[in-house]
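Contents: one structure, followed by commentary.
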Amino acid sequence: MGVDPTGAKEFYTALLGWEFRPEGGRGYHLILLGGEIVGGLGPSPMGPRFGSSWNVYLAAKDLDAAGERAERHGARLLARGVPAGGDGRLSLAVDPQGAPFGLWQGMREEGVVLVDEQGALAGAVLHSPEPEDSAAFYGAVCGSDARIEKGSPARWMPLLGADAPDAFEERARAAGATVLAPGVLADPWGAVFGVADVAVPR
C-alpha cells in the first residue's frame, strides 16, 4: 500500500469502518469489513521509494505462466513470485502502456469475500491512453475483459462502494483526501481510488 501504514489504517477506519488483521508477517494486514475480507494492506514489495498506491491484482491459476505471457506481450516484470505468507504468491508488473498491476495466485479459495457494498471493492477501472491495445494485452494475459477508459496517466484504479458518493467525497475531503475529479480521490499519501454508487444498505 504505502509508506505510512499506521496513518492509512486510521484514515480508512474512520472513513469506511475497516478493520485490519495481521496476516503472514512482514507488515501485511487483511482488510475486514463486518468480519469479511475486502482487501489487503501492506508495504510495497518494491520498497518505500515507490510511494503509496492501491494495487489491483488479477487472479492467475499459474502465476509463473501468467508472468511469462505478460512479458511476451510487452509487460515489464518488477517482482516475480513474491511469497505472501500462507495466502499465496504475487508478481508485480507494468503493462505496455505504463500501468502497474499485480498477478495473484492464491493458496486457498478464500480471497476478497465482500464486494459491491458500502465500503467494499465495487470494481476497478483501467485508465489507458490506448484502450484497444490495453484490452488486447489483458485479454491475452488473463483471458478477461477489463473495464477500460481512455485516460492518462495509465493506471488501475479500484472503486470503493458508497451509497451516497457526494457525501462520501465530503467526508473523505474532511479526513484529508483530495478530490481529483468527480468520483476520483487521492488519500493523504497520494494513493488514488474511485467511488462507485452502490444502493445496497449494510
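Quick note on naming: the chains in the C-alpha cells go A, B, ... in the order shown, residues restart at 1 in each chain, and ligands are numbered from 1 in order of appearance.
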
| said: So that I can check the surroundings of Val125 in chain A, please list as a PyMOL selection string every protein, DNA and RNA residue that reaches within 6 Å of it, counting only C-alpha atoms and ignoring chain neighbours fewer than 4 positions away. | reply: chain A and resi 147-148+156-157

| request: Name all residues at most 8 Å from Pro165 in chain A (count only C-alpha atoms; drop same-chain ones fewer than 2 positions away) and give them as number ranges by chain. | output: A: 162-163, 167-169, 183, 195-197

| field | Polymer residues at most 12 Å from Thr13 in chain A, only C-alpha atoms, same-chain spacing of 4 or more positions, as a list of chain:residue names | value |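 The filter keeps A:Pro5, A:Thr6, A:Gly7, A:Ala8, A:Lys9, A:Gly17, A:Trp18, A:Glu19, A:Phe20, A:Ile31, A:Leu32, A:Leu33, A:Gly34, A:Gly119, A:Ala172, A:Ala175.
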
| said: Could you pull out the helix (DSSP H, G or I) residues of range 75-152 of chain A, going by DSSP on the backbone, and write them as a PyMOL selection string? | reply: chain A and resi 131-142

Selection to disk with N, CA, C and O atoms, as a tab-separated table (two decimals), in the first residue's frame:
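Saved file again13.tsv follows:
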```
chain	number	residue	atom	x	y	z
A	131	PRO	N	-6.79	2.42	-25.22
A	131	PRO	CA	-7.69	1.40	-24.67
A	131	PRO	C	-7.73	0.10	-25.48
A	131	PRO	O	-7.78	-0.99	-24.90
A	132	GLU	N	-7.70	0.19	-26.80
A	132	GLU	CA	-7.78	-1.03	-27.60
A	132	GLU	C	-6.54	-1.90	-27.40
A	132	GLU	O	-6.64	-3.13	-27.29
A	133	ASP	N	-5.38	-1.29	-27.35
A	133	ASP	CA	-4.15	-2.04	-27.12
A	133	ASP	C	-4.17	-2.67	-25.73
A	133	ASP	O	-3.73	-3.83	-25.54
A	134	SER	N	-4.65	-1.93	-24.74
A	134	SER	CA	-4.73	-2.48	-23.38
A	134	SER	C	-5.71	-3.63	-23.30
A	134	SER	O	-5.44	-4.64	-22.63
A	135	ALA	N	-6.84	-3.52	-23.98
A	135	ALA	CA	-7.81	-4.62	-23.98
A	135	ALA	C	-7.20	-5.87	-24.58
A	135	ALA	O	-7.41	-6.99	-24.06
A	136	ALA	N	-6.44	-5.72	-25.66
A	136	ALA	CA	-5.80	-6.88	-26.27
A	136	ALA	C	-4.76	-7.49	-25.34
A	136	ALA	O	-4.64	-8.73	-25.24
A	137	PHE	N	-4.01	-6.65	-24.64
A	137	PHE	CA	-2.98	-7.15	-23.72
A	137	PHE	C	-3.60	-7.98	-22.61
A	137	PHE	O	-3.19	-9.13	-22.37
A	138	TYR	N	-4.60	-7.44	-21.91
A	138	TYR	CA	-5.15	-8.16	-20.76
A	138	TYR	C	-5.97	-9.37	-21.21
A	138	TYR	O	-6.05	-10.37	-20.48
A	139	GLY	N	-6.56	-9.31	-22.39
A	139	GLY	CA	-7.22	-10.49	-22.91
A	139	GLY	C	-6.24	-11.63	-23.15
A	139	GLY	O	-6.53	-12.79	-22.85
A	140	ALA	N	-5.05	-11.29	-23.67
A	140	ALA	CA	-4.04	-12.31	-23.94
A	140	ALA	C	-3.42	-12.85	-22.65
A	140	ALA	O	-3.13	-14.05	-22.54
A	141	VAL	N	-3.23	-11.98	-21.67
A	141	VAL	CA	-2.53	-12.39	-20.44
A	141	VAL	C	-3.47	-13.11	-19.47
A	141	VAL	O	-3.11	-14.14	-18.89
A	142	CYS	N	-4.69	-12.58	-19.31
A	142	CYS	CA	-5.59	-13.08	-18.27
A	142	CYS	C	-6.88	-13.68	-18.82
A	142	CYS	O	-7.66	-14.25	-18.07
```

| From the set A:Ala60, A:Val82, A:Arg173, A:Ala120, which residue has the shortest atom-to-atom contact distance to Arg26 in chain A, counting only C-alpha atoms? |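 Ranking A:Ala60, A:Val82, A:Arg173, A:Ala120 by distance to Arg26 in chain A, first place goes to A:Val82.
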
| Counting only C-alpha atoms, which of A:Leu41, A:Leu103, A:Leu160, A:Val184 gets nearest to Gln118 in chain A? | A:Leu160

| request: For CA of Ala177 in chain A and CA of Leu90 in chain A, determine how far apart the two atoms are, in Å to one decimal place. | output: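 Between CA of Ala177 in chain A and CA of Leu90 in chain A the gap works out to 28.7 Å.
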
| message | Set the distance at 7 Å and use only C-alpha atoms: which residues neighbour Gly190 in chain A once local chain neighbours fewer than 2 positions away are removed? I'd like the list as a VMD selection string. | response | chain A and resid 52 to 53 186 to 188 192

For the residues in that selection, give me all heavy atoms as a PDB file, in the first residue's frame.
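Output (again.pdb):
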```
ATOM      1  N   SER A  52       2.955   5.592  -2.172  1.00  0.00           N
ATOM      2  CA  SER A  52       1.721   4.900  -1.797  1.00  0.00           C
ATOM      3  C   SER A  52       0.828   4.724  -3.008  1.00  0.00           C
ATOM      4  O   SER A  52       0.693   5.639  -3.832  1.00  0.00           O
ATOM      5  CB  SER A  52       0.966   5.696  -0.725  1.00  0.00           C
ATOM      6  OG  SER A  52       1.715   5.763   0.469  1.00  0.00           O
ATOM      7  N   SER A  53       0.220   3.573  -3.114  1.00  0.00           N
ATOM      8  CA  SER A  53      -0.716   3.327  -4.207  1.00  0.00           C
ATOM      9  C   SER A  53      -1.578   2.126  -3.857  1.00  0.00           C
ATOM     10  O   SER A  53      -1.201   1.287  -3.030  1.00  0.00           O
ATOM     11  CB  SER A  53       0.023   3.056  -5.528  1.00  0.00           C
ATOM     12  OG  SER A  53       0.774   1.848  -5.438  1.00  0.00           O
ATOM     13  N   ALA A 186      -7.689  11.002  -4.027  1.00  0.00           N
ATOM     14  CA  ALA A 186      -6.380  10.546  -3.572  1.00  0.00           C
ATOM     15  C   ALA A 186      -6.365  10.649  -2.061  1.00  0.00           C
ATOM     16  O   ALA A 186      -6.779  11.666  -1.496  1.00  0.00           O
ATOM     17  CB  ALA A 186      -5.262  11.396  -4.163  1.00  0.00           C
ATOM     18  N   ASP A 187      -5.920   9.591  -1.391  1.00  0.00           N
ATOM     19  CA  ASP A 187      -5.844   9.649   0.065  1.00  0.00           C
ATOM     20  C   ASP A 187      -4.694  10.567   0.478  1.00  0.00           C
ATOM     21  O   ASP A 187      -3.978  11.113  -0.379  1.00  0.00           O
ATOM     22  CB  ASP A 187      -5.761   8.238   0.663  1.00  0.00           C
ATOM     23  CG  ASP A 187      -4.418   7.542   0.447  1.00  0.00           C
ATOM     24  OD1 ASP A 187      -3.420   8.200   0.097  1.00  0.00           O
ATOM     25  OD2 ASP A 187      -4.375   6.311   0.642  1.00  0.00           O
ATOM     26  N   PRO A 188      -4.508  10.815   1.779  1.00  0.00           N
ATOM     27  CA  PRO A 188      -3.480  11.789   2.192  1.00  0.00           C
ATOM     28  C   PRO A 188      -2.061  11.443   1.758  1.00  0.00           C
ATOM     29  O   PRO A 188      -1.174  12.309   1.814  1.00  0.00           O
ATOM     30  CB  PRO A 188      -3.611  11.794   3.726  1.00  0.00           C
ATOM     31  CG  PRO A 188      -5.041  11.433   3.978  1.00  0.00           C
ATOM     32  CD  PRO A 188      -5.356  10.415   2.925  1.00  0.00           C
ATOM     33  N   VAL A 192      -4.558   6.682  -5.212  1.00  0.00           N
ATOM     34  CA  VAL A 192      -5.767   7.084  -5.923  1.00  0.00           C
ATOM     35  C   VAL A 192      -6.796   5.958  -5.907  1.00  0.00           C
ATOM     36  O   VAL A 192      -6.465   4.792  -6.127  1.00  0.00           O
ATOM     37  CB  VAL A 192      -5.433   7.478  -7.374  1.00  0.00           C
ATOM     38  CG1 VAL A 192      -6.694   7.808  -8.163  1.00  0.00           C
ATOM     39  CG2 VAL A 192      -4.477   8.669  -7.388  1.00  0.00           C
TER      40      VAL A 192
END
```

| query | Leaving out Pro129 in chain A and any residue of its chain fewer than 4 positions from it, which residues lie within 10 Å of it when counting only C-alpha atoms, given as a list of chain:residue names? | reply | A:Gln97, A:Gly98, A:Asp133, A:Ser134, A:Ile148, A:Glu149, A:Lys150, A:Gly151, A:Ser152, A:Pro153, A:Ala154, A:Arg155

For the selection just defined, write its residues with N, CA and C atoms to a file, as a compact mmCIF listing (two decimals), in the first residue's frame.
```
# COMPACT_ATOMS: atom_id res chain seq x y z
N GLN A 97 1.42 0.06 -21.62
CA GLN A 97 1.04 1.47 -21.60
C GLN A 97 1.55 2.21 -20.36
N GLY A 98 2.19 1.45 -19.44
CA GLY A 98 2.77 2.07 -18.25
C GLY A 98 1.96 1.93 -16.99
N ASP A 133 -5.38 -1.29 -27.35
CA ASP A 133 -4.15 -2.04 -27.12
C ASP A 133 -4.17 -2.67 -25.73
N SER A 134 -4.65 -1.93 -24.74
CA SER A 134 -4.73 -2.48 -23.38
C SER A 134 -5.71 -3.63 -23.30
N ILE A 148 -12.11 -0.51 -19.27
CA ILE A 148 -11.04 0.40 -19.68
C ILE A 148 -11.63 1.73 -20.12
N GLU A 149 -11.03 2.81 -19.65
CA GLU A 149 -11.41 4.16 -20.07
C GLU A 149 -10.18 4.87 -20.59
N LYS A 150 -10.36 5.67 -21.61
CA LYS A 150 -9.23 6.41 -22.15
C LYS A 150 -8.81 7.47 -21.15
N GLY A 151 -7.54 7.52 -20.84
CA GLY A 151 -7.06 8.49 -19.87
C GLY A 151 -5.58 8.36 -19.64
N SER A 152 -5.03 9.35 -18.99
CA SER A 152 -3.61 9.39 -18.66
C SER A 152 -3.46 10.08 -17.30
N PRO A 153 -2.54 9.61 -16.45
CA PRO A 153 -1.58 8.54 -16.68
C PRO A 153 -2.24 7.16 -16.69
N ALA A 154 -1.55 6.21 -17.30
CA ALA A 154 -2.05 4.84 -17.30
C ALA A 154 -2.00 4.28 -15.89
N ARG A 155 -3.14 3.76 -15.41
CA ARG A 155 -3.17 3.21 -14.07
C ARG A 155 -4.46 2.42 -13.87
```

| With distances taken over only C-alpha atoms, which of A:Ala174, A:Val94, A:Gly143, A:Ala14 is nearest to Ala66 in chain A? |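 The shortest atom-to-atom distance to Ala66 in chain A comes from A:Gly143.
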
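Restricting the calculation to only C-alpha atoms, the smallest distance between Trp189 in chain A and any of A:Ala70, A:Gly40, A:Glu117, A:Gly51 is found for A:Gly51.
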
| query | Can you list, as a list in words, every protein, DNA or RNA residue that comes within 9 Å of Ala93 in chain A when you count only C-alpha atoms, leaving out same-chain residues fewer than 3 positions away? | reply |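 Within the cut-off, the hits are Gly67, Ala70, Glu71, Ala75, Arg76, Leu77, Leu78, Ala79, Arg80, Ala99, Pro100, Phe101, Gly102 and Leu103 of chain A.
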
| said: Please return, as number ranges by chain, all residues of range 121-198 of chain A that DSSP assigns to strand (DSSP E or B) on the basis of the backbone. | reply: A: 121-128, 148-150, 155-162, 178-181, 184-186, 192-197

Those same residues - N, CA and C atoms - I'd like them written as a compact mmCIF listing (two decimals), in the first residue's frame.
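Saved file selection_12.txt follows:
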```txt
# COMPACT_ATOMS: atom_id res chain seq x y z
N LEU A 121 -14.86 -3.29 -2.17
CA LEU A 121 -14.47 -3.13 -3.56
C LEU A 121 -15.69 -3.30 -4.45
N ALA A 122 -15.88 -2.37 -5.38
CA ALA A 122 -17.03 -2.42 -6.29
C ALA A 122 -16.58 -2.37 -7.74
N GLY A 123 -15.40 -2.90 -7.99
CA GLY A 123 -14.87 -2.95 -9.34
C GLY A 123 -13.54 -2.23 -9.44
N ALA A 124 -13.02 -2.18 -10.65
CA ALA A 124 -11.76 -1.48 -10.93
C ALA A 124 -11.80 -0.99 -12.36
N VAL A 125 -11.17 0.13 -12.59
CA VAL A 125 -11.13 0.74 -13.91
C VAL A 125 -9.67 0.90 -14.32
N LEU A 126 -9.38 0.57 -15.57
CA LEU A 126 -8.05 0.81 -16.11
C LEU A 126 -8.10 2.07 -16.96
N HIS A 127 -7.29 3.06 -16.60
CA HIS A 127 -7.11 4.24 -17.43
C HIS A 127 -5.94 3.98 -18.37
N SER A 128 -6.16 4.16 -19.65
CA SER A 128 -5.12 3.86 -20.63
C SER A 128 -5.18 4.87 -21.77
N ILE A 148 -12.11 -0.51 -19.27
CA ILE A 148 -11.04 0.40 -19.68
C ILE A 148 -11.63 1.73 -20.12
N GLU A 149 -11.03 2.81 -19.65
CA GLU A 149 -11.41 4.16 -20.07
C GLU A 149 -10.18 4.87 -20.59
N LYS A 150 -10.36 5.67 -21.61
CA LYS A 150 -9.23 6.41 -22.15
C LYS A 150 -8.81 7.47 -21.15
N ARG A 155 -3.14 3.76 -15.41
CA ARG A 155 -3.17 3.21 -14.07
C ARG A 155 -4.46 2.42 -13.87
N TRP A 156 -4.38 1.45 -12.97
CA TRP A 156 -5.56 0.75 -12.48
C TRP A 156 -6.07 1.52 -11.26
N MET A 157 -7.39 1.68 -11.19
CA MET A 157 -7.98 2.40 -10.06
C MET A 157 -9.10 1.55 -9.45
N PRO A 158 -8.92 1.13 -8.18
CA PRO A 158 -10.01 0.40 -7.52
C PRO A 158 -11.17 1.33 -7.22
N LEU A 159 -12.38 0.78 -7.25
CA LEU A 159 -13.58 1.54 -6.92
C LEU A 159 -14.14 1.05 -5.59
N LEU A 160 -14.40 1.96 -4.68
CA LEU A 160 -14.96 1.62 -3.38
C LEU A 160 -16.43 2.02 -3.36
N GLY A 161 -17.26 1.12 -2.84
CA GLY A 161 -18.69 1.35 -2.84
C GLY A 161 -19.13 2.37 -1.82
N ALA A 162 -20.08 3.22 -2.21
CA ALA A 162 -20.68 4.21 -1.31
C ALA A 162 -22.13 4.38 -1.72
N THR A 178 -7.90 14.24 -1.18
CA THR A 178 -8.03 15.25 -2.24
C THR A 178 -8.96 14.71 -3.31
N VAL A 179 -9.95 15.51 -3.70
CA VAL A 179 -10.85 15.12 -4.78
C VAL A 179 -10.21 15.56 -6.10
N LEU A 180 -9.80 14.59 -6.91
CA LEU A 180 -9.12 14.89 -8.17
C LEU A 180 -10.10 15.17 -9.30
N ALA A 181 -11.25 14.54 -9.23
CA ALA A 181 -12.32 14.69 -10.22
C ALA A 181 -13.56 14.08 -9.59
N VAL A 184 -13.30 10.52 -8.14
CA VAL A 184 -11.89 10.10 -8.11
C VAL A 184 -11.18 10.88 -7.01
N LEU A 185 -10.55 10.14 -6.07
CA LEU A 185 -9.89 10.77 -4.93
C LEU A 185 -8.49 10.23 -4.74
N ALA A 186 -7.69 11.00 -4.03
CA ALA A 186 -6.38 10.55 -3.57
C ALA A 186 -6.36 10.65 -2.06
N VAL A 192 -4.56 6.68 -5.21
CA VAL A 192 -5.77 7.08 -5.92
C VAL A 192 -6.80 5.96 -5.91
N PHE A 193 -8.05 6.31 -5.66
CA PHE A 193 -9.14 5.34 -5.73
C PHE A 193 -10.39 6.06 -6.21
N GLY A 194 -11.33 5.28 -6.71
CA GLY A 194 -12.59 5.82 -7.19
C GLY A 194 -13.74 5.46 -6.27
N VAL A 195 -14.87 6.09 -6.50
CA VAL A 195 -16.08 5.83 -5.72
C VAL A 195 -17.16 5.34 -6.67
N ALA A 196 -17.81 4.25 -6.28
CA ALA A 196 -18.90 3.70 -7.07
C ALA A 196 -20.18 3.77 -6.26
N ASP A 197 -21.25 4.15 -6.90
CA ASP A 197 -22.55 4.27 -6.23
C ASP A 197 -23.17 2.88 -6.07
```
